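Q: My structure file target_13.cif, mmCIF, C-alpha atoms, is below:
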```cif
data_entry
#
loop_
_atom_site.label_atom_id
_atom_site.label_comp_id
_atom_site.auth_asym_id
_atom_site.auth_seq_id
_atom_site.Cartn_x
_atom_site.Cartn_y
_atom_site.Cartn_z
CA MET A 1 -75.93 -16.28 87.12
CA SER A 2 -74.82 -17.04 90.68
CA GLU A 3 -76.04 -14.88 93.52
CA PRO A 4 -73.25 -12.81 95.08
CA SER A 5 -73.61 -14.69 98.38
CA GLU A 6 -73.25 -18.16 96.87
CA TRP A 7 -69.48 -18.00 96.58
CA LEU A 8 -68.94 -16.68 100.11
CA ILE A 9 -67.41 -19.22 102.52
CA TYR A 10 -67.27 -16.90 105.53
CA ARG A 11 -70.72 -15.30 105.75
CA GLY A 12 -70.31 -13.06 108.79
CA ALA A 13 -73.49 -14.42 110.39
CA GLY A 14 -71.88 -15.58 113.64
CA GLU A 15 -73.20 -19.14 113.22
CA PRO A 16 -70.65 -22.02 112.94
CA HIS A 17 -70.95 -24.17 109.81
CA GLY A 18 -68.85 -26.55 107.67
CA GLY A 19 -68.51 -24.29 104.65
CA ILE A 20 -64.71 -24.59 104.61
CA THR A 21 -65.13 -27.90 102.78
CA GLN A 22 -66.63 -25.98 99.85
CA LEU A 23 -63.38 -24.15 99.06
CA PRO A 24 -62.15 -24.99 95.53
CA PRO A 25 -58.53 -26.06 94.98
CA PRO A 26 -56.02 -23.28 95.69
CA PRO A 27 -54.28 -21.30 92.96
CA PRO A 28 -51.16 -23.18 91.74
CA TRP A 29 -48.86 -20.57 93.27
CA ARG A 30 -50.48 -21.05 96.70
CA ASP A 31 -50.74 -24.85 96.68
CA PHE A 32 -48.81 -26.21 99.66
CA ALA A 33 -50.19 -29.74 99.38
CA GLY A 34 -47.70 -30.92 96.73
CA ARG A 35 -44.65 -30.84 98.98
CA GLY A 36 -42.49 -33.90 98.55
CA ASP A 37 -43.97 -34.82 95.16
CA ASN A 38 -41.06 -33.72 92.97
CA SER A 39 -38.54 -36.30 91.87
CA PRO A 40 -34.76 -35.75 91.67
CA ASP A 41 -34.96 -35.42 87.89
CA ASP A 42 -37.70 -32.80 88.06
CA GLU A 43 -36.51 -29.40 86.87
CA GLY A 44 -38.01 -27.78 89.94
CA GLY A 45 -36.54 -30.29 92.37
CA THR A 46 -33.16 -31.35 93.57
CA GLY A 47 -33.84 -34.75 95.04
CA ASP A 48 -32.68 -33.66 98.46
CA GLY A 49 -35.90 -32.30 99.88
CA ARG A 50 -34.73 -28.69 100.01
CA ASP A 51 -36.20 -27.18 96.87
CA GLY A 52 -37.46 -30.51 95.64
CA ASP A 53 -40.36 -30.25 98.05
CA GLY A 54 -42.91 -28.84 95.66
CA SER A 55 -42.31 -25.33 96.98
CA ALA A 56 -40.18 -24.15 94.06
CA ASP A 57 -43.04 -24.21 91.57
CA ARG A 58 -45.38 -22.71 94.14
CA ARG A 59 -43.07 -19.85 95.08
CA LEU A 60 -42.07 -19.10 91.52
CA GLY A 61 -45.66 -19.19 90.35
CA GLY A 62 -45.35 -21.88 87.69
CA TYR A 63 -42.39 -20.31 85.88
CA ARG A 64 -41.61 -23.67 84.33
CA HIS A 65 -44.88 -23.69 82.40
CA GLU A 66 -44.49 -20.05 81.48
CA ALA A 67 -40.96 -20.79 80.24
CA GLU A 68 -42.32 -23.44 77.89
CA LEU A 69 -44.73 -20.93 76.37
CA HIS A 70 -42.40 -17.91 76.39
CA ARG A 71 -41.65 -16.51 72.93
CA PRO A 72 -39.17 -13.61 73.10
CA GLY A 73 -39.16 -10.72 70.68
CA ALA A 74 -36.29 -10.15 68.23
CA GLU A 75 -34.39 -7.67 70.41
CA GLU A 76 -34.83 -9.80 73.51
CA LEU A 77 -33.57 -12.85 71.63
CA GLU A 78 -30.48 -11.02 70.38
CA MET A 79 -29.53 -9.63 73.79
CA ILE A 80 -29.93 -13.02 75.49
CA ASN A 81 -27.62 -14.60 72.94
CA ALA A 82 -25.15 -11.71 73.26
CA ALA A 83 -24.92 -12.41 77.00
CA LEU A 84 -24.42 -16.13 76.32
CA TYR A 85 -21.69 -15.51 73.73
CA LEU A 86 -19.86 -12.83 75.74
CA ARG A 87 -20.23 -14.58 79.11
CA ARG A 88 -21.60 -11.38 80.58
CA PRO A 89 -24.44 -10.88 83.07
CA LEU A 90 -27.75 -9.81 81.52
CA LEU A 91 -29.35 -6.84 83.30
CA VAL A 92 -33.08 -6.91 82.56
CA THR A 93 -35.13 -3.85 83.48
CA GLY A 94 -38.82 -3.20 83.09
CA SER A 95 -42.09 -2.83 84.93
CA PRO A 96 -43.43 -5.58 87.24
CA GLY A 97 -44.92 -8.39 85.19
CA ALA A 98 -42.93 -7.65 82.05
CA GLY A 99 -41.45 -11.17 82.07
CA LYS A 100 -38.00 -10.43 83.49
CA SER A 101 -37.77 -13.48 85.75
CA THR A 102 -39.42 -15.74 83.17
CA LEU A 103 -36.52 -15.08 80.83
CA ALA A 104 -34.06 -16.93 83.08
CA HIS A 105 -36.36 -19.93 83.36
CA SER A 106 -36.96 -19.96 79.60
CA VAL A 107 -33.22 -20.12 78.88
CA ALA A 108 -32.66 -22.86 81.48
CA HIS A 109 -35.59 -24.87 80.11
CA GLU A 110 -34.63 -24.66 76.43
CA LEU A 111 -30.90 -25.26 76.93
CA GLY A 112 -31.32 -28.01 79.53
CA LEU A 113 -29.31 -26.19 82.21
CA GLY A 114 -31.25 -27.55 85.19
CA ARG A 115 -32.90 -25.73 88.05
CA VAL A 116 -32.58 -21.96 88.08
CA LEU A 117 -30.60 -20.77 91.08
CA ARG A 118 -32.55 -17.84 92.52
CA TRP A 119 -31.28 -15.10 94.81
CA PRO A 120 -34.13 -12.74 95.77
CA ILE A 121 -32.70 -9.41 96.89
CA VAL A 122 -33.96 -7.39 99.85
CA SER A 123 -32.62 -4.23 101.47
CA ARG A 124 -30.51 -6.27 103.91
CA SER A 125 -28.91 -8.54 101.27
CA ALA A 126 -25.12 -8.61 101.27
CA LEU A 127 -22.64 -10.24 98.92
CA GLN A 128 -21.86 -12.98 101.44
CA ASP A 129 -25.54 -14.04 101.44
CA GLY A 130 -25.18 -14.99 97.80
CA LEU A 131 -21.75 -16.62 98.15
CA TYR A 132 -21.93 -18.82 101.26
CA HIS A 133 -23.01 -19.07 104.88
CA TYR A 134 -20.74 -20.29 107.69
CA ASP A 135 -22.57 -21.39 110.82
CA ALA A 136 -19.93 -20.58 113.41
CA ILE A 137 -22.39 -20.84 116.30
CA ALA A 138 -23.38 -24.40 115.44
CA ARG A 139 -19.73 -25.37 115.14
CA LEU A 140 -18.91 -23.87 118.53
CA GLN A 141 -21.82 -25.71 120.10
CA ASP A 142 -20.66 -29.01 118.61
CA VAL A 143 -17.11 -28.39 119.87
CA GLN A 144 -18.43 -27.83 123.38
CA LEU A 145 -20.67 -30.91 123.24
CA ALA A 146 -17.82 -33.06 121.93
CA ALA A 147 -15.49 -31.82 124.67
CA HIS A 148 -18.06 -32.50 127.36
CA SER A 149 -18.93 -36.00 126.15
CA SER A 150 -15.35 -37.09 125.55
CA ALA A 151 -13.93 -36.07 128.94
CA GLY A 152 -13.58 -39.11 131.23
CA PRO A 153 -13.70 -39.05 135.02
CA ASN A 154 -9.92 -38.77 135.21
CA GLY A 155 -9.63 -36.06 132.54
CA ALA A 156 -8.88 -38.60 129.79
CA ASP A 157 -10.16 -38.17 126.27
CA GLY A 158 -12.69 -40.92 126.82
CA ALA A 159 -13.99 -43.04 129.62
CA ASP A 160 -11.57 -45.77 128.51
CA GLY A 161 -8.70 -43.34 127.92
CA THR A 162 -8.95 -43.46 124.11
CA ASP A 163 -9.42 -40.59 121.66
CA ARG A 164 -12.86 -39.91 120.27
CA HIS A 165 -13.66 -38.40 116.91
CA ASP A 166 -14.43 -34.69 117.13
CA PRO A 167 -17.38 -34.01 114.78
CA SER A 168 -16.58 -30.31 114.71
CA ALA A 169 -13.28 -31.03 112.95
CA ASP A 170 -15.20 -31.33 109.67
CA ILE A 171 -15.60 -27.60 109.10
CA GLY A 172 -17.29 -28.16 105.75
CA SER A 173 -20.36 -29.43 107.59
CA TYR A 174 -20.99 -25.87 108.74
CA ILE A 175 -20.65 -24.18 105.35
CA ARG A 176 -23.37 -23.92 102.72
CA LEU A 177 -22.91 -22.18 99.39
CA GLY A 178 -25.49 -19.59 98.39
CA PRO A 179 -27.06 -19.27 94.92
CA LEU A 180 -24.18 -17.17 93.54
CA GLY A 181 -21.56 -19.41 95.12
CA THR A 182 -23.22 -22.52 93.69
CA ALA A 183 -23.44 -20.95 90.22
CA LEU A 184 -19.67 -20.39 90.27
CA LEU A 185 -18.76 -24.02 90.98
CA PRO A 186 -16.61 -25.55 88.23
CA SER A 187 -18.76 -27.41 85.69
CA GLU A 188 -18.75 -28.20 82.00
CA GLN A 189 -22.02 -26.36 81.37
CA PRO A 190 -23.12 -23.08 82.94
CA ARG A 191 -25.80 -22.83 85.59
CA VAL A 192 -28.53 -20.20 85.33
CA LEU A 193 -28.58 -17.68 88.17
CA LEU A 194 -31.44 -15.24 88.73
CA ILE A 195 -30.52 -12.27 90.96
CA ASP A 196 -34.03 -10.93 91.38
CA GLU A 197 -34.90 -7.27 92.02
CA LEU A 198 -31.37 -5.95 92.48
CA ASP A 199 -32.79 -2.43 92.73
CA LYS A 200 -34.11 -3.31 96.19
CA SER A 201 -30.57 -3.75 97.57
CA ASP A 202 -28.66 -1.22 99.62
CA ILE A 203 -26.21 1.09 97.88
CA ASP A 204 -23.18 -1.21 98.33
CA LEU A 205 -24.32 -4.52 96.86
CA PRO A 206 -24.09 -3.64 93.12
CA ASN A 207 -20.48 -2.50 93.61
CA ASP A 208 -19.68 -5.52 95.78
CA LEU A 209 -20.82 -7.82 92.97
CA LEU A 210 -18.37 -6.35 90.46
CA ASN A 211 -15.23 -8.33 91.30
CA VAL A 212 -17.00 -11.69 91.68
CA LEU A 213 -18.87 -11.29 88.37
CA GLU A 214 -15.70 -10.12 86.63
CA GLU A 215 -13.32 -12.78 87.97
CA GLY A 216 -15.76 -15.69 88.29
CA GLU A 217 -14.23 -16.84 91.57
CA PHE A 218 -14.20 -16.19 95.30
CA GLY A 219 -12.51 -17.46 98.43
CA ILE A 220 -13.92 -18.91 101.64
CA PRO A 221 -11.55 -17.57 104.34
CA GLU A 222 -12.68 -20.16 106.90
CA LEU A 223 -11.39 -22.89 104.55
CA GLU A 224 -8.39 -21.00 103.15
CA ARG A 225 -6.92 -20.61 106.64
CA ILE A 226 -6.86 -24.35 107.31
CA ALA A 227 -6.44 -25.70 103.76
CA ASP A 228 -3.00 -27.13 104.59
CA ARG A 229 -4.54 -29.17 107.44
CA LEU A 230 -7.39 -30.62 105.38
CA PRO A 231 -7.07 -34.02 103.64
CA ASP A 232 -5.76 -33.20 100.14
CA GLY A 233 -6.56 -29.58 100.97
CA GLU A 234 -10.25 -30.24 100.34
CA ALA A 235 -13.41 -29.76 102.36
CA GLU A 236 -16.88 -31.06 101.57
CA VAL A 237 -19.64 -28.42 101.70
CA LEU A 238 -23.31 -28.21 100.75
CA THR A 239 -24.53 -26.31 97.70
CA ASP A 240 -27.66 -24.21 97.38
CA ASP A 241 -29.18 -27.34 95.77
CA GLY A 242 -28.41 -29.32 98.93
CA LYS A 243 -25.76 -31.46 97.21
CA LYS A 244 -22.29 -32.15 98.59
CA VAL A 245 -19.26 -30.90 96.67
CA ARG A 246 -15.57 -30.72 97.47
CA ILE A 247 -13.78 -27.36 97.61
CA LYS A 248 -9.99 -27.39 97.15
CA GLY A 249 -7.81 -24.79 98.81
CA GLY A 250 -10.82 -22.85 100.04
CA ARG A 251 -11.51 -21.26 96.65
CA VAL A 252 -14.39 -21.63 94.20
CA GLN A 253 -13.47 -20.99 90.55
CA CYS A 254 -15.91 -21.42 87.69
CA ARG A 255 -14.97 -23.11 84.40
CA ALA A 256 -18.15 -22.17 82.53
CA PHE A 257 -19.35 -18.69 83.49
CA PRO A 258 -22.97 -18.92 84.61
CA PHE A 259 -25.81 -17.28 82.71
CA VAL A 260 -26.60 -14.51 85.20
CA VAL A 261 -29.85 -12.56 84.94
CA LEU A 262 -30.07 -9.43 87.08
CA THR A 263 -33.58 -7.99 87.21
CA SER A 264 -34.68 -4.49 88.19
CA ASN A 265 -38.04 -2.74 88.35
CA GLY A 266 -36.31 0.58 87.72
CA GLU A 267 -36.55 1.86 91.28
CA ARG A 268 -32.94 3.10 91.19
CA ASP A 269 -29.95 3.67 88.91
CA PHE A 270 -26.92 1.40 89.02
CA PRO A 271 -23.26 2.49 89.04
CA ALA A 272 -21.52 2.81 85.68
CA PRO A 273 -18.93 0.07 86.48
CA LEU A 274 -21.75 -2.46 86.86
CA MET A 275 -23.58 -1.24 83.76
CA ARG A 276 -20.50 -1.57 81.54
CA ARG A 277 -19.97 -5.16 82.69
CA CYS A 278 -23.54 -6.17 81.81
CA ILE A 279 -25.61 -6.59 78.69
CA HIS A 280 -28.64 -4.36 79.26
CA LEU A 281 -32.10 -5.36 78.07
CA GLU A 282 -35.09 -3.08 78.62
CA LEU A 283 -38.46 -4.85 78.45
CA GLY A 284 -41.50 -2.78 77.60
CA ARG A 285 -44.95 -3.19 79.06
CA PRO A 286 -46.41 -6.62 78.28
CA ASP A 287 -48.95 -6.68 75.47
CA HIS A 288 -52.19 -8.65 75.33
CA GLN A 289 -50.54 -11.74 73.86
CA ARG A 290 -47.84 -11.90 76.53
CA LEU A 291 -50.35 -11.43 79.34
CA ALA A 292 -52.58 -14.13 77.87
CA THR A 293 -49.56 -16.45 77.74
CA PHE A 294 -48.79 -15.57 81.36
CA VAL A 295 -52.34 -16.41 82.46
CA ARG A 296 -52.41 -19.59 80.34
CA ALA A 297 -49.17 -20.82 81.92
CA HIS A 298 -50.55 -20.44 85.42
CA LEU A 299 -54.25 -21.17 85.04
CA GLY A 300 -54.72 -22.99 81.73
CA ASP A 301 -56.35 -22.22 78.37
CA GLU A 302 -59.92 -22.05 79.62
CA ALA A 303 -59.13 -19.46 82.30
CA ALA A 304 -57.16 -17.39 79.78
CA ARG A 305 -60.13 -17.33 77.40
CA ALA A 306 -62.61 -16.54 80.19
CA GLY A 307 -60.39 -13.74 81.46
CA ASP A 308 -59.73 -12.14 78.09
CA ASP A 309 -61.86 -9.11 78.95
CA LEU A 310 -60.06 -8.69 82.28
CA ILE A 311 -56.72 -8.77 80.45
CA SER A 312 -57.90 -5.99 78.12
CA HIS A 313 -59.16 -3.93 81.06
CA PHE A 314 -55.86 -4.53 82.90
CA LEU A 315 -53.88 -3.26 79.91
CA GLU A 316 -56.04 -0.16 79.66
CA ARG A 317 -55.54 0.66 83.32
CA SER A 318 -51.80 -0.07 83.23
CA ARG A 319 -51.26 2.88 80.88
CA SER A 320 -51.94 5.31 83.72
CA GLU A 321 -51.72 3.20 86.90
CA LEU A 322 -49.07 1.04 88.55
CA ILE A 323 -50.66 -2.40 88.82
CA SER A 324 -49.18 -5.90 88.92
CA THR A 325 -49.76 -9.04 86.88
CA ASP A 326 -50.00 -10.93 90.18
CA GLN A 327 -53.17 -8.95 90.82
CA LEU A 328 -54.48 -9.91 87.39
CA LEU A 329 -53.88 -13.59 88.14
CA ASN A 330 -55.69 -13.29 91.45
CA ALA A 331 -58.66 -11.59 89.79
CA ILE A 332 -58.98 -14.12 86.96
CA TYR A 333 -58.62 -17.09 89.29
CA LEU A 334 -61.14 -15.85 91.84
CA THR A 335 -63.75 -14.63 89.39
CA ASP A 336 -63.45 -17.93 87.50
CA ALA A 337 -63.53 -20.14 90.62
CA ALA A 338 -66.22 -18.25 92.51
CA ALA A 339 -68.15 -16.81 89.52
CA PRO A 340 -69.85 -14.11 91.61
CA ALA A 341 -72.44 -11.85 90.06
CA GLY A 342 -70.32 -8.74 90.68
CA ARG A 343 -67.39 -10.08 88.66
CA ASP A 344 -66.07 -6.77 87.36
CA ARG A 345 -66.46 -5.06 90.72
CA LEU A 346 -64.55 -7.86 92.47
CA ALA A 347 -61.79 -7.70 89.86
CA ASP A 348 -61.40 -3.96 90.43
CA LEU A 349 -61.19 -4.55 94.18
CA LEU A 350 -58.36 -7.03 93.65
CA ILE A 351 -56.49 -4.97 91.05
CA GLN A 352 -55.84 -1.84 93.10
CA ARG A 353 -53.22 0.63 91.96
CA LEU A 354 -49.91 0.36 93.77
CA ASP A 355 -48.55 3.86 93.23
CA ARG A 356 -50.89 5.55 95.72
CA PRO A 357 -53.39 4.44 98.36
CA ARG A 358 -57.02 4.19 97.35
#
```
Reformat the file's structure so that it appears as structure tokens.
A:
Amino acid sequence: MSEPSEWLIYRGAGEPHGGITQLPPPPPWRDFAGRGDNSPDDEGGTGDGRDGDGSADRRLGGYRHEAELHRPGAEELEMINAALYLRRPLLVTGSPGAGKSTLAHSVAHELGLGRVLRWPIVSRSALQDGLYHYDAIARLQDVQLAAHSSAGPNGADGADGTDRHDPSADIGSYIRLGPLGTALLPSEQPRVLLIDELDKSDIDLPNDLLNVLEEGEFGIPELERIADRLPDGEAEVLTDDGKKVRIKGGRVQCRAFPFVVLTSNGERDFPAPLMRRCIHLELGRPDHQRLATFVRAHLGDEAARAGDDLISHFLERSRSELISTDQLLNAIYLTDAAAPAGRDRLADLLIQRLDRPR
């Protein structure tokens, strides 16, 4: 068995050395080296360099692989299909690590619905963040630059007295749709939208979502005001995928209602109007099989087998402590990669309870 010091890169001895070269490859969810490797047809990429830069799989922790292995229970299967049939959002509640986010990726993977559009919610999130962003400052700066460069010495439009094209006239260049706005674009097949951790929002966001989710459309006032001055009433804007689409009349109206998954860790209750517009699925604590699948998707079969005892210990602790599956992944990866003598002690250091300080 390895000595405890053998896996240490930083030794605290105050003597410079080249031990950094001994670091093993990073965990898949912290691998930044793969940026730019995804192709346009890759489920995690878009072909435009925005989320097709290898960061999607890293940030989402290998959800694609977990989606391939995900096997829902009978109730979960029925509620997913109910949401698909009824064109209603699916509100998924449960403890961290129960597989709430994986569900959206599993549906997108099996039904061939492309990249999951993800809107992670924080306390400052507002409805407009999900719909679109208008960069008024950049447009104003371009207007000023265009005016300065086009003015000739005699006040003419150009140095030769001719008009010059004003780049700021294309207002669509300053508008980018958010994940929710992109999901509502008209298409023959629905997109999958993950609105993650809605319970972290402020008190207004759940109510603000009601009309958009009910009507399946929204307006962009900056485009609606000038629609009659646009060619054919259309403006070209960017989507959350980084693709260019044309918006007519300043309104976005879906044809196929997206498959919307709202997740919550149960930190708050939602208003009744939102609840009655959603299909509600409560996921229980993950069992040993689901956790093993989770580990296998991220770290492979060998790591899942080697960490079987840590999975059992994690489940035992989770009955009375708030701990996260992310911590379990960290513990299995590190104890497998470093193989220190104090394996169990290191795992306990990494899997610290989250509901109160140690």
Q: What does the PyMOL selection byres ((chain A and resi 243-258) around 7) select in this file, as a count of residues only?
A: 32
Q: Please identify all polymer residues within 9 Å of region 120-137 of chain A, counting all atoms listed in the file, omitting same-chain residues fewer than 4 positions from it, and present them as an MDAnalysis selection string.
A: chainID A and resid 141:142 172:182 184 194:202 204:206 208:209 218 220 222 239:240
Q: Neighbours of Leu349 (chain A) within 10 Å (only C-alpha atoms; same-chain residues fewer than 4 positions away dropped), as a VMD selection string?
A: chain A and resid 327 331 343 to 345 353
Q: Do you have, as a Markdown table, the list of residues of region 69-166 of chain A lying at most 10 Å from region 269-276 of chain A, each with its nearest atom pair and that distance in Å to one decimal, counting all atoms listed in the file and ordered by chain then number?
A:
```
| residue | atom | partner | partner_atom | distance |
| --- | --- | --- | --- | --- |
| A:Arg88 | CA | A:Arg276 | CA | 9.9 |
| A:Pro89 | CA | A:Leu274 | CA | 9.6 |
| A:Leu90 | CA | A:Met275 | CA | 9.8 |
| A:Leu91 | CA | A:Met275 | CA | 8.1 |
```
Q: Go through A:Pro286, A:Pro24, A:Gly114, A:Gly73 and flag the residue nearest Trp7 (chain A), using all atoms listed in the file for the distances.
A: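 Counting all atoms listed in the file, the residue closest to Trp7 (chain A) is A:Pro24.
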Q: Tell me, as an NGL selection string, which residues lie within 8 Å of Asp355 (chain A), counting only C-alpha atoms; anything in the same chain fewer than 2 positions away does not count.
A: :A and (321-323 or 353 or 357)
Q: Give the answer as one residue: which of A:Pro72, A:Gly18, A:Pro27, A:Gly94 has the shortest atom-to-atom distance to Gly266 (chain A), using all atoms listed in the file?
A: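 Counting all atoms listed in the file, the residue closest to Gly266 (chain A) is A:Gly94.
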Q: Which neighbours of Leu346 (chain A) fall inside 9 Å, counting all atoms listed in the file, when residues of the same chain fewer than 5 positions from it are skipped, and could you give them as an NGL selection string?
A: :A and (331 or 334-335 or 340 or 351)
Q: For the file shown, what are the residues hit by the PyMOL selection byres ((chain A and resi 287) around 10), laid out as a list in words?
A: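 So the PyMOL selection byres ((chain A and resi 287) around 10), applied here, picks out Ala98, Gly284, Arg285, Pro286, His288, Gln289, Arg290, Leu291, Ala292, Ile311, Ser312 and Leu315 of chain A.
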Q: Only C-alpha atoms, please: the residues just picked out, written as a tab-separated table (two decimals), in the frame of the given file.
A:
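Produced file out.tsv, reproduced below:
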```tsv
chain	number	residue	atom	x	y	z
A	98	ALA	CA	-42.93	-7.65	82.05
A	284	GLY	CA	-41.50	-2.78	77.60
A	285	ARG	CA	-44.95	-3.19	79.06
A	286	PRO	CA	-46.41	-6.62	78.28
A	288	HIS	CA	-52.19	-8.65	75.33
A	289	GLN	CA	-50.54	-11.74	73.86
A	290	ARG	CA	-47.84	-11.90	76.53
A	291	LEU	CA	-50.35	-11.43	79.34
A	292	ALA	CA	-52.58	-14.13	77.87
A	311	ILE	CA	-56.72	-8.77	80.45
A	312	SER	CA	-57.90	-5.99	78.12
A	315	LEU	CA	-53.88	-3.26	79.91
```
Q: Suppose you want the space between CA of Ile279 (chain A) and CA of Ala82 (chain A); what is it in Å?
A: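 Going from CA of Ile279 (chain A) over to CA of Ala82 (chain A), I get 7.5 Å.
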Q: Could you tell me which of A:Asp348, A:Asp336, A:Glu282, A:Glu267 comes closest to Ala306 (chain A) if we count only C-alpha atoms?
A: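 The closest residue to Ala306 (chain A) is A:Asp336.
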Q: Could you check which of A:Ala337, A:Ile20, A:Leu86, A:Leu354 is closest to Cys278 (chain A), using all atoms listed in the file?
A: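 Residue with the minimum atom-to-atom distance to Cys278 (chain A): A:Leu86.
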Q: Under the PyMOL selection byres ((chain A and resi 74-76) around 10), which residues of this model are included? Write them out as a list in words.
A: Arg71, Pro72, Gly73, Leu77, Glu78, Met79, Ile80, Asn81, Ala82, Val92, Leu103, Leu281, Glu282 and Leu283 of chain A
